[in-house]
Amino acid sequence: MIAALVQGWLTGLSTGASCLALCAPVLLPYLVSLGPQGPRVSARPVAEFLLGRAAAYFLYALLAAALGAAAQHWSGLRALSGMAMIVLATLLIAHGLGHGLPDVRACVWLAERRGTRRVPLLAGFALGLAPCVPLLAGLIKASTLGFGASLLFFTAFFGATSLWLAPVLAAGRFGRSERLRALAVT
């Protein structure tokens, strides 16, 4: 169980910059559009956003546990899991070098929907479901752990990636500028 926590935490810390890059374009305009505010006022919508992400990660943990349970008696599981980890490790390296998944545009889609952008909880949930390479790697790893360890893995993954989103708490200060607020609302 401790190993699942450590693996989830380290995976989240090492890939959290991509979470910031995916989530900031949705969360920052919302926070700026609220007007001038400090980190205390920004904390509520950021917490709602994070709650949405946590709910999505919980679904990933359930999916990983279900995949692991379904494939538990399949003799080719270890080979398939090993191959999947190699493919996803290669994708993680490419992702780290700046080559993302070209067809996943969840943030752009959400940012273009004015009503969705106004609801941090739903935006966090939708972005939490977006299949980024680190999350898919976590899904494959967690599917080999069992339900409890899978839940711990994704809890630690969520906690570590959420640390990367801490700077957005200061975004409300940019709401002092009329131009930035107008830009954030459009």
# chains A, B, ... in the order shown; residues from 1 in each chain; ligands from 1

$ residues_around --residues "stretch 127-144 of chain A" --least-positions-apart "4" --cutoff "6 Å" --atoms "only C-alpha atoms" --output "ChimeraX atom specification"
/A:53,56,64-65,67-68,88,150

$ atom_distance --atom1 "atom CA of A:Trp164" --atom2 "atom CA of A:Gly35"
23.1 Å

$ residues_around --residues "A:Gly38" --least-positions-apart "2" --cutoff "9 Å" --atoms "only C-alpha atoms" --output "VMD selection string"
chain A and resid 36 40 to 43 169 to 173

$ write_last_selection --atoms "C-alpha atoms" --output "mmCIF file, in the first residue's frame"
data_model
loop_
_atom_site.group_PDB
_atom_site.id
_atom_site.type_symbol
_atom_site.label_atom_id
_atom_site.label_comp_id
_atom_site.auth_asym_id
_atom_site.auth_seq_id
_atom_site.Cartn_x
_atom_site.Cartn_y
_atom_site.Cartn_z
ATOM 1 C CA PRO A 36 -9.762 41.881 -8.059
ATOM 2 C CA ARG A 40 -8.376 33.591 -0.108
ATOM 3 C CA VAL A 41 -11.222 34.455 -2.479
ATOM 4 C CA SER A 42 -9.673 32.383 -5.288
ATOM 5 C CA ALA A 43 -9.437 29.394 -2.959
ATOM 6 C CA LEU A 169 -4.499 31.046 -6.458
ATOM 7 C CA ALA A 170 -2.744 34.347 -7.166
ATOM 8 C CA ALA A 171 -4.498 34.812 -10.518
ATOM 9 C CA GLY A 172 -7.292 36.872 -8.987
ATOM 10 C CA ARG A 173 -4.866 39.728 -8.489
#

$ residues_around --residues "A:Phe174" --least-positions-apart "4" --cutoff "10 Å" --atoms "only C-alpha atoms" --output "PyMOL selection string"
chain A and resi 28-29+31-38+170+178-181

$ closest_atom_pairs --of "stretch 6-85 of chain A" --to "stretch 120-124 of chain A" --cutoff "7 Å" --atoms "only C-alpha atoms" --output "Markdown table"
| residue | atom | partner | partner_atom | distance |
| --- | --- | --- | --- | --- |
| A:Pro45 | CA | A:Pro120 | CA | 5.9 |
| A:Glu48 | CA | A:Leu121 | CA | 4.8 |
| A:Phe49 | CA | A:Gly124 | CA | 4.4 |
| A:Leu50 | CA | A:Gly124 | CA | 6.0 |
| A:Leu51 | CA | A:Leu121 | CA | 6.5 |
| A:Gly52 | CA | A:Gly124 | CA | 4.4 |
| A:Arg53 | CA | A:Gly124 | CA | 4.7 |

$ write_last_selection --atoms "N, CA and C atoms" --output "PDB file, in the first residue's frame"
ATOM      1  N   PRO A  45     -13.189  28.721  -5.721  1.00  0.00           N
ATOM      2  CA  PRO A  45     -13.320  28.125  -7.059  1.00  0.00           C
ATOM      3  C   PRO A  45     -12.198  27.143  -7.385  1.00  0.00           C
ATOM      4  N   GLU A  48     -13.183  23.944  -5.726  1.00  0.00           N
ATOM      5  CA  GLU A  48     -14.251  23.290  -6.497  1.00  0.00           C
ATOM      6  C   GLU A  48     -13.665  22.604  -7.728  1.00  0.00           C
ATOM      7  N   PHE A  49     -12.764  23.282  -8.383  1.00  0.00           N
ATOM      8  CA  PHE A  49     -12.101  22.714  -9.563  1.00  0.00           C
ATOM      9  C   PHE A  49     -11.349  21.439  -9.187  1.00  0.00           C
ATOM     10  N   LEU A  50     -10.605  21.510  -8.080  1.00  0.00           N
ATOM     11  CA  LEU A  50      -9.846  20.345  -7.619  1.00  0.00           C
ATOM     12  C   LEU A  50     -10.773  19.209  -7.201  1.00  0.00           C
ATOM     13  N   LEU A  51     -11.911  19.537  -6.619  1.00  0.00           N
ATOM     14  CA  LEU A  51     -12.887  18.512  -6.249  1.00  0.00           C
ATOM     15  C   LEU A  51     -13.395  17.788  -7.500  1.00  0.00           C
ATOM     16  N   GLY A  52     -13.623  18.538  -8.554  1.00  0.00           N
ATOM     17  CA  GLY A  52     -14.020  17.912  -9.822  1.00  0.00           C
ATOM     18  C   GLY A  52     -12.949  16.985 -10.355  1.00  0.00           C
ATOM     19  N   ARG A  53     -11.686  17.412 -10.281  1.00  0.00           N
ATOM     20  CA  ARG A  53     -10.582  16.550 -10.712  1.00  0.00           C
ATOM     21  C   ARG A  53     -10.493  15.306  -9.842  1.00  0.00           C
TER      22      ARG A  53
END

$ residues_around --residues "A:Gln7" --least-positions-apart "2" --cutoff "12 Å" --atoms "only C-alpha atoms" --output "PyMOL selection string"
chain A and resi 1-5+9-14+137-138+141-142+145+149-150+152-158+160

$ residues_around --residues "A:Ala66" --least-positions-apart "6" --cutoff "10 Å" --atoms "only C-alpha atoms" --output "PDB file with C-alpha atoms, in the first residue's frame"
ATOM      1  CA  TYR A  60     -10.018   6.275 -13.030  1.00  0.00           C
ATOM      2  CA  GLN A  72      -6.442 -11.122 -13.108  1.00  0.00           C
ATOM      3  CA  SER A 143      -4.698  -1.782 -12.844  1.00  0.00           C
ATOM      4  CA  GLY A 146      -6.028  -4.004  -6.785  1.00  0.00           C
ATOM      5  CA  PHE A 147      -8.834  -1.691  -5.657  1.00  0.00           C
TER       6      PHE A 147
END

$ select_by_dssp --residues "stretch 113-171 of chain A" --states "alpha helix (DSSP H)" --output "MDAnalysis selection string"
chainID A and resid 114:117 120:129 133:142 147:163
